[in-house]
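Okay, protein_36.cif is below, mmCIF, C-alpha atoms:
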data_upload
loop_
_atom_site.label_atom_id
_atom_site.label_comp_id
_atom_site.auth_asym_id
_atom_site.auth_seq_id
_atom_site.Cartn_x
_atom_site.Cartn_y
_atom_site.Cartn_z
CA MET A 1 150.17 179.97 177.88
CA ASN A 2 153.59 179.33 176.61
CA ASN A 3 152.73 181.26 173.50
CA VAL A 4 151.56 184.20 175.53
CA VAL A 5 154.68 184.15 177.65
CA GLY A 6 156.81 183.81 174.54
CA LYS A 7 154.99 186.67 172.87
CA MET A 8 155.41 188.78 175.96
CA LEU A 9 159.06 187.94 176.05
CA ILE A 10 159.36 188.82 172.38
CA VAL A 11 157.50 192.08 172.97
CA MET A 12 159.65 192.84 175.97
CA GLN A 13 162.76 192.00 173.97
CA LEU A 14 161.58 194.32 171.25
CA VAL A 15 160.78 197.05 173.77
CA PHE A 16 164.18 196.61 175.43
CA SER A 17 165.84 196.67 172.00
CA LEU A 18 164.07 199.94 171.23
CA LEU A 19 165.06 201.33 174.63
CA PHE A 20 168.68 200.24 174.06
CA MET A 21 168.65 201.87 170.67
CA CYS A 22 167.24 205.03 172.24
CA PHE A 23 169.90 204.94 174.99
CA ALA A 24 172.58 204.30 172.36
CA GLY A 25 171.32 207.25 170.30
CA ALA A 26 171.17 209.43 173.40
CA VAL A 27 174.68 208.36 174.42
CA TYR A 28 176.00 209.09 170.90
CA THR A 29 174.26 212.44 170.85
CA PHE A 30 175.57 213.36 174.34
CA GLN A 31 179.07 212.23 173.32
CA GLY A 32 179.05 214.61 170.27
CA GLN A 33 177.74 217.52 172.30
CA TRP A 34 180.30 216.88 175.04
CA ARG A 35 183.20 216.94 172.53
CA THR A 36 181.94 220.17 171.04
CA LYS A 37 181.60 221.67 174.50
CA ALA A 38 185.00 220.35 175.49
CA LEU A 39 186.62 221.95 172.41
CA ALA A 40 184.73 225.16 173.15
CA GLN A 41 185.83 225.05 176.77
CA GLU A 42 189.44 224.38 175.71
CA ALA A 43 189.33 227.35 173.31
CA LEU A 44 187.77 229.47 176.06
CA VAL A 45 190.51 228.38 178.48
CA GLU A 46 193.18 229.26 175.91
CA GLU A 47 191.51 232.63 175.33
CA LYS A 48 191.35 233.23 179.08
CA GLU A 49 195.02 232.24 179.46
CA LYS A 50 195.94 234.61 176.62
CA GLN A 51 193.91 237.37 178.21
CA TYR A 52 195.58 236.61 181.53
CA ASP A 53 199.04 236.72 179.92
CA ASP A 54 198.12 239.98 178.15
CA ALA A 55 196.82 241.38 181.41
CA VAL A 56 200.02 240.34 183.22
CA ALA A 57 202.16 241.87 180.44
CA ALA A 58 200.04 245.05 180.50
CA ARG A 59 200.33 245.17 184.27
CA ASN A 60 204.10 244.72 184.01
CA ARG A 61 204.30 247.47 181.38
CA GLU A 62 202.11 249.71 183.49
CA THR A 63 204.24 248.90 186.53
CA MET A 64 207.38 249.78 184.60
CA GLN A 65 205.78 253.01 183.31
CA LEU A 66 204.61 253.93 186.80
CA THR A 67 208.08 253.16 188.14
CA ALA A 68 209.65 255.35 185.45
CA ILE A 69 207.09 258.08 186.16
CA ALA A 70 207.80 257.80 189.86
CA GLU A 71 211.56 258.01 189.23
CA ALA A 72 211.05 260.99 186.93
CA ALA A 73 208.79 262.60 189.51
CA GLU A 74 211.45 262.00 192.16
CA THR A 75 214.10 263.51 189.91
CA GLU A 76 211.82 266.45 189.12
CA ARG A 77 211.19 266.91 192.83
CA GLY A 78 214.95 266.96 193.41
CA ASN A 79 215.39 269.48 190.59
CA LEU A 80 212.56 271.60 191.97
CA ASN A 81 214.10 271.47 195.42
CA ALA A 82 217.45 272.52 193.92
CA GLN A 83 215.73 275.32 191.98
CA LEU A 84 213.89 276.37 195.12
CA GLU A 85 217.16 276.54 197.04
CA ALA A 86 218.76 278.45 194.15
CA ALA A 87 215.77 280.80 194.04
CA GLU A 88 216.00 281.39 197.77
CA THR A 89 219.74 282.08 197.40
CA GLN A 90 219.04 284.40 194.44
CA ALA A 91 216.31 286.14 196.43
CA ALA A 92 218.75 286.74 199.27
CA THR A 93 221.34 288.00 196.76
CA ASP A 94 218.71 290.23 195.09
CA GLN A 95 217.74 291.67 198.43
CA ALA A 96 221.36 292.48 199.21
CA LEU A 97 221.78 293.91 195.69
CA HIS A 98 218.59 295.93 196.10
CA ALA A 99 219.94 297.39 199.31
CA ALA A 100 223.24 298.21 197.59
CA VAL A 101 221.38 299.73 194.61
CA SER A 102 219.27 301.81 196.96
CA LEU A 103 222.42 303.17 198.59
CA GLU A 104 223.95 303.80 195.15
CA ARG A 105 220.75 305.52 194.03
CA ASP A 106 220.80 307.80 197.05
CA LYS A 107 224.45 308.60 196.35
CA ALA A 108 223.66 309.19 192.65
CA LEU A 109 220.82 311.57 193.62
CA ALA A 110 223.20 313.49 195.83
CA ASP A 111 225.82 313.57 193.06
CA SER A 112 223.12 314.65 190.60
CA GLU A 113 222.20 317.58 192.78
CA VAL A 114 225.85 318.58 192.99
CA ALA A 115 226.24 318.11 189.22
CA SER A 116 223.13 320.22 188.60
CA ALA A 117 224.59 323.02 190.66
CA GLU A 118 227.90 322.72 188.79
CA ALA A 119 226.06 322.61 185.44
CA ALA A 120 224.20 325.80 186.32
CA ALA A 121 227.53 327.43 187.14
CA ARG A 122 229.00 326.12 183.86
CA ILE A 123 226.02 327.52 181.95
CA VAL A 124 226.59 330.94 183.46
CA GLU A 125 230.29 330.66 182.61
CA ALA A 126 229.49 329.46 179.06
CA ASN A 127 227.13 332.39 178.51
CA ALA A 128 229.89 334.75 179.60
CA LEU A 129 232.34 333.01 177.27
CA ASN A 130 229.83 333.19 174.39
CA LYS A 131 229.53 336.92 174.93
CA GLU A 132 233.31 337.21 174.93
CA VAL A 133 233.52 335.08 171.76
CA ARG A 134 230.95 337.25 170.00
CA SER A 135 232.90 340.32 171.05
CA GLN A 136 236.12 338.80 169.71
CA GLN A 137 234.36 337.78 166.47
CA LEU A 138 233.18 341.35 165.97
CA ARG A 139 236.72 342.54 166.64
CA ILE A 140 238.13 340.00 164.20
CA SER A 141 235.60 341.07 161.56
CA ALA A 142 236.68 344.67 162.04
CA LEU A 143 240.34 343.67 161.80
CA VAL A 144 239.66 341.62 158.66
CA ALA A 145 237.93 344.60 157.11
CA ASP A 146 240.93 346.77 158.04
CA VAL A 147 243.32 344.20 156.56
CA GLN A 148 241.26 344.03 153.39
CA SER A 149 241.30 347.79 153.13
CA VAL A 150 245.07 347.83 153.66
CA GLU A 151 245.53 345.08 151.04
CA ASN A 152 243.42 347.02 148.54
CA ASP A 153 245.39 350.18 149.26
CA LEU A 154 248.67 348.24 148.96
CA LEU A 155 247.56 346.68 145.69
CA ASP A 156 246.55 350.06 144.36
CA LYS A 157 249.90 351.58 145.40
CA THR A 158 251.73 348.59 143.95
CA GLY A 159 249.94 349.12 140.66
CA LYS A 160 250.80 352.81 140.72
CA LEU A 161 254.41 351.98 141.54
CA ALA A 162 254.53 349.47 138.70
CA SER A 163 253.07 352.06 136.34
CA ALA A 164 255.67 354.56 137.52
CA VAL A 165 258.43 351.98 137.01
CA GLU A 166 257.12 351.28 133.53
CA ILE A 167 257.07 355.04 132.74
CA GLU A 168 260.57 355.39 134.16
CA GLU A 169 261.67 352.50 132.00
CA GLN A 170 260.21 354.17 128.96
CA HIS A 171 262.07 357.36 129.89
CA LEU A 172 265.29 355.44 130.34
CA SER A 173 264.75 353.75 127.00
CA GLU A 174 264.12 357.11 125.40
CA LEU A 175 267.22 358.49 127.12
CA GLY A 176 269.29 355.62 125.79
CA ARG A 177 267.94 356.20 122.31
CA MET A 178 268.88 359.86 122.58
CA LYS A 179 272.39 358.90 123.74
CA ASP A 180 272.72 356.58 120.76
CA LEU A 181 271.65 359.39 118.50
CA LEU A 182 274.26 361.64 120.11
CA ARG A 183 276.98 359.04 119.55
CA LEU A 184 275.90 358.55 115.94
CA ASN A 185 276.35 362.25 115.57
CA ASP A 186 279.77 362.09 117.25
CA ILE A 187 278.46 363.76 120.39
CA ASP A 188 279.71 362.39 123.70
CA PRO A 189 276.82 362.27 126.12
CA GLY A 190 279.38 362.79 128.90
CA GLN A 191 277.91 360.31 131.33
CA MET A 192 278.00 356.60 132.17
CA VAL A 193 275.09 354.20 132.13
CA VAL A 194 273.24 354.66 135.41
CA GLY A 195 272.50 351.61 137.54
CA PRO A 196 274.17 348.28 138.30
CA VAL A 197 275.01 345.81 135.58
CA PRO A 198 272.16 343.28 135.40
CA ALA A 199 273.05 339.91 136.89
CA LYS A 200 273.13 336.81 134.78
CA VAL A 201 269.60 335.54 134.29
CA GLU A 202 269.09 331.91 135.38
CA LYS A 203 266.23 329.96 133.86
CA VAL A 204 263.54 329.30 136.45
CA ASP A 205 260.04 327.99 135.65
CA GLY A 206 256.92 328.58 137.71
CA LYS A 207 253.13 328.78 137.58
CA ILE A 208 250.56 331.56 137.74
CA ARG A 209 248.82 331.18 141.12
CA GLY A 210 246.24 333.92 140.59
CA THR A 211 245.58 337.36 139.10
CA ARG A 212 244.04 340.54 140.43
CA ARG A 213 243.42 344.08 139.17
CA ASN A 214 244.04 347.21 141.20
CA THR A 215 241.17 349.29 142.56
CA ALA A 216 241.15 351.54 139.48
CA ARG A 217 241.33 348.43 137.27
CA THR A 218 244.08 350.07 135.25
CA ALA A 219 246.66 347.35 135.78
CA GLU A 220 246.67 343.58 136.27
CA LEU A 221 248.88 341.91 138.87
CA ALA A 222 249.76 338.23 138.85
CA GLU A 223 251.04 336.05 141.69
CA ILE A 224 253.64 333.44 140.64
CA SER A 225 254.93 330.33 142.43
CA ILE A 226 258.64 331.30 142.38
CA GLY A 227 260.45 333.91 144.48
CA SER A 228 263.78 335.09 145.83
CA ASP A 229 264.76 331.53 146.77
CA ASP A 230 264.56 330.77 143.02
CA LYS A 231 266.84 333.74 142.09
CA VAL A 232 263.89 335.97 141.12
CA TYR A 233 264.55 339.68 141.78
CA ALA A 234 262.62 342.95 141.51
CA ASN A 235 262.13 344.54 138.04
CA GLN A 236 262.97 341.23 136.36
CA LEU A 237 261.05 340.52 133.15
CA LEU A 238 259.21 337.18 132.99
CA THR A 239 257.44 335.49 130.09
CA VAL A 240 253.93 334.07 130.57
CA TYR A 241 252.82 331.32 128.17
CA ARG A 242 250.34 328.47 127.88
CA LYS A 243 251.68 325.34 126.17
CA ASP A 244 253.21 326.79 122.96
CA LYS A 245 251.19 330.05 123.05
CA TYR A 246 252.84 333.30 124.18
CA ILE A 247 250.51 335.32 126.50
CA CYS A 248 252.46 338.35 127.69
CA THR A 249 255.51 339.72 129.49
CA ALA A 250 255.30 340.66 133.18
CA ARG A 251 257.63 342.68 135.41
CA VAL A 252 258.41 341.58 139.00
CA VAL A 253 257.31 344.33 141.39
CA GLU A 254 257.47 342.53 144.76
CA VAL A 255 259.48 339.47 145.78
CA PHE A 256 259.05 337.01 148.65
CA PRO A 257 261.04 333.82 149.39
CA ASP A 258 258.68 331.46 147.55
CA VAL A 259 256.27 333.78 145.67
CA ALA A 260 256.43 337.02 143.72
CA ILE A 261 254.00 339.67 142.44
CA CYS A 262 254.29 340.70 138.78
CA LEU A 263 252.77 343.56 136.79
CA VAL A 264 251.52 342.68 133.34
CA ILE A 265 253.00 344.89 130.62
CA GLU A 266 249.83 345.63 128.69
CA LYS A 267 251.55 346.45 125.40
CA THR A 268 252.92 342.90 125.28
CA ARG A 269 249.59 341.19 126.00
CA GLN A 270 248.39 338.66 123.42
CA GLY A 271 245.80 336.88 125.56
CA ASN A 272 244.18 336.66 129.01
CA ILE A 273 246.21 335.21 131.86
CA GLN A 274 244.68 332.19 133.59
CA LYS A 275 245.51 330.38 136.82
CA GLY A 276 247.94 327.56 136.04
CA ASP A 277 249.64 329.28 133.08
CA ASP A 278 253.39 328.74 132.87
CA VAL A 279 255.89 331.48 133.65
CA THR A 280 259.64 331.47 133.01
CA THR A 281 262.56 333.80 133.54
CA LYS A 282 264.18 332.89 130.27
CA LEU A 283 263.06 331.19 127.05
#

Encoded form using structure tokens:
Amino acid sequence: MNNVVGKMLIVMQLVFSLLFMCFAGAVYTFQGQWRTKALAQEALVEEKEKQYDDAVAARNRETMQLTAIAEAAETERGNLNAQLEAAETQAATDQALHAAVSLERDKALADSEVASAEAAARIVEANALNKEVRSQQLRISALVADVQSVENDLLDKTGKLASAVEIEEQHLSELGRMKDLLRLNDIDPGQMVVGPVPAKVEKVDGKIRGTRRNTARTAELAEISIGSDDKVYANQLLTVYRKDKYICTARVVEVFPDVAICLVIEKTRQGNIQKGDDVTTKL
């Protein structure tokens, strides 16, 4: 009996030992799982706190942005209100200006009508003046033709006069030669030399300004740049030259204060006269 009870006690002790070992293993296992869960929960809490902090910071940033946007919108609204007021003021000014421009336009239209009437009158007057101008131009052309004809006639007569003077000079020269012959033969010609004693010739230099032949083209006339103001006188003999080349001798046939007309003595010609050639009263 005692053995049975002892065996039962031993079996029970063994069973309780096994149960204790099982409870100890379960407790150890639960303790490990709890620590892992606790660490996981702590990490989750830290993550949640970080997310919360990030959310708070984001909310603060968003709040600041919204505040700035609201302030900007308020400023923009103020600017728009100011622009609206300015636009209303400008619209009122434009309306007043439009009214003034309309009045000015009406006045300009009236002035334009008056100006058109005046322009029509001016056109009529201009046409009359144009007719008068054309008439005067025709008259001037006729006068120019008359002047040209007179100039040609004068040039022709001047050439004839110069030729006559040259012939007279030849006759006088021949007469002088005859008088010399009479004196050589002890014959008194019985008369004095006709004409004034030639004045002392002063040296004056000038230029050929142009040449022209008479209508018959029998004589050549030259215009020189010196005249009576330079002591040039009618029938005076002048020498025409170019650099060191002698061209001819010319006789003064007409004198003006600052110009003179000369007749070329053909028998003295050694070249053609050109504009710009030099002329002198005395070499």

Response to the item:
Students should find that atom CA of Val264 of chain A and atom CA of Ala222 of chain A are spaced 7.3 Å

Worksheet item: Do you have the atom CA of Gln270 of chain A-atom CA of Ile247 of chain A distance handy?
Response: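 Interatomic distance here is 5.0 Å.
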
Worksheet entry | Nearest to Ser149 of chain A by atom-to-atom distance, counting all atoms listed in the file, from A:Gly206, A:Ser173, A:Thr215, A:Ile167 | A:Thr215

Discussion item. Rounded to one decimal, what separation in Å do you get between atom CA of Ala162 of chain A and atom CA of Glu266 of chain A?
Written reply: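 According to the coordinates, atom CA of Ala162 of chain A and atom CA of Glu266 of chain A are separated by 11.7 Å.
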
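The shortest atom-to-atom distance to Ile208 of chain A, with only C-alpha atoms taken into account, belongs to A:Lys275 out of A:Lys275, A:Arg77, A:Arg122, A:Arg251.
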
Item to complete: Output the residue selection produced by the PyMOL selection byres ((chain A and resi 273) around 10) on the file above, formatted as a PyMOL selection string.
Response: chain A and resi 208+210-211+220+222+240-242+247-248+264+269-272+274-278

Output file for the selection above: C-alpha atoms, as a compact mmCIF listing (two decimals), in the frame of the given file:
# COMPACT_ATOMS: atom_id res chain seq x y z
CA ILE A 208 250.56 331.56 137.74
CA GLY A 210 246.24 333.92 140.59
CA THR A 211 245.58 337.36 139.10
CA GLU A 220 246.67 343.58 136.27
CA ALA A 222 249.76 338.23 138.85
CA VAL A 240 253.93 334.07 130.57
CA TYR A 241 252.82 331.32 128.17
CA ARG A 242 250.34 328.47 127.88
CA ILE A 247 250.51 335.32 126.50
CA CYS A 248 252.46 338.35 127.69
CA VAL A 264 251.52 342.68 133.34
CA ARG A 269 249.59 341.19 126.00
CA GLN A 270 248.39 338.66 123.42
CA GLY A 271 245.80 336.88 125.56
CA ASN A 272 244.18 336.66 129.01
CA GLN A 274 244.68 332.19 133.59
CA LYS A 275 245.51 330.38 136.82
CA GLY A 276 247.94 327.56 136.04
CA ASP A 277 249.64 329.28 133.08
CA ASP A 278 253.39 328.74 132.87

If the PyMOL selection byres ((chain A and resi 280) around 12) were run on this exact file, what residues would it hold? Put them as an mmCIF file with C-alpha atoms, in the coordinates of the input.
data_model
loop_
_atom_site.group_PDB
_atom_site.id
_atom_site.type_symbol
_atom_site.label_atom_id
_atom_site.label_comp_id
_atom_site.auth_asym_id
_atom_site.auth_seq_id
_atom_site.Cartn_x
_atom_site.Cartn_y
_atom_site.Cartn_z
ATOM 1 C CA VAL A 201 269.600 335.540 134.290
ATOM 2 C CA GLU A 202 269.090 331.910 135.380
ATOM 3 C CA LYS A 203 266.230 329.960 133.860
ATOM 4 C CA VAL A 204 263.540 329.300 136.450
ATOM 5 C CA ASP A 205 260.040 327.990 135.650
ATOM 6 C CA GLY A 206 256.920 328.580 137.710
ATOM 7 C CA LYS A 207 253.130 328.780 137.580
ATOM 8 C CA ILE A 208 250.560 331.560 137.740
ATOM 9 C CA ILE A 224 253.640 333.440 140.640
ATOM 10 C CA SER A 225 254.930 330.330 142.430
ATOM 11 C CA ILE A 226 258.640 331.300 142.380
ATOM 12 C CA GLY A 227 260.450 333.910 144.480
ATOM 13 C CA ASP A 230 264.560 330.770 143.020
ATOM 14 C CA LYS A 231 266.840 333.740 142.090
ATOM 15 C CA VAL A 232 263.890 335.970 141.120
ATOM 16 C CA GLN A 236 262.970 341.230 136.360
ATOM 17 C CA LEU A 237 261.050 340.520 133.150
ATOM 18 C CA LEU A 238 259.210 337.180 132.990
ATOM 19 C CA THR A 239 257.440 335.490 130.090
ATOM 20 C CA VAL A 240 253.930 334.070 130.570
ATOM 21 C CA TYR A 241 252.820 331.320 128.170
ATOM 22 C CA ARG A 242 250.340 328.470 127.880
ATOM 23 C CA TYR A 246 252.840 333.300 124.180
ATOM 24 C CA ILE A 247 250.510 335.320 126.500
ATOM 25 C CA CYS A 248 252.460 338.350 127.690
ATOM 26 C CA THR A 249 255.510 339.720 129.490
ATOM 27 C CA ALA A 250 255.300 340.660 133.180
ATOM 28 C CA ARG A 251 257.630 342.680 135.410
ATOM 29 C CA VAL A 252 258.410 341.580 139.000
ATOM 30 C CA ASP A 277 249.640 329.280 133.080
ATOM 31 C CA ASP A 278 253.390 328.740 132.870
ATOM 32 C CA VAL A 279 255.890 331.480 133.650
ATOM 33 C CA THR A 281 262.560 333.800 133.540
ATOM 34 C CA LYS A 282 264.180 332.890 130.270
ATOM 35 C CA LEU A 283 263.060 331.190 127.050
#

Worksheet item: What would the list of residues within 9 Å of (257.9, 338.0, 144.4) (file frame) look like as a list of chain:residue names, if only C-alpha atoms are what count?
Response: A:Glu223, A:Ile224, A:Ser225, A:Ile226, A:Gly227, A:Ser228, A:Val232, A:Tyr233, A:Ala234, A:Val252, A:Val253, A:Glu254, A:Val255, A:Phe256, A:Pro257, A:Asp258, A:Val259, A:Ala260, A:Ile261, A:Cys262

Discussion item. Let me make sure I understand: among A:Asn81, A:Asn235, A:Ala219, A:Asn130, which one has the smallest atom-to-atom distance to Lys267 of chain A if we use only C-alpha atoms?
Written reply: A:Ala219
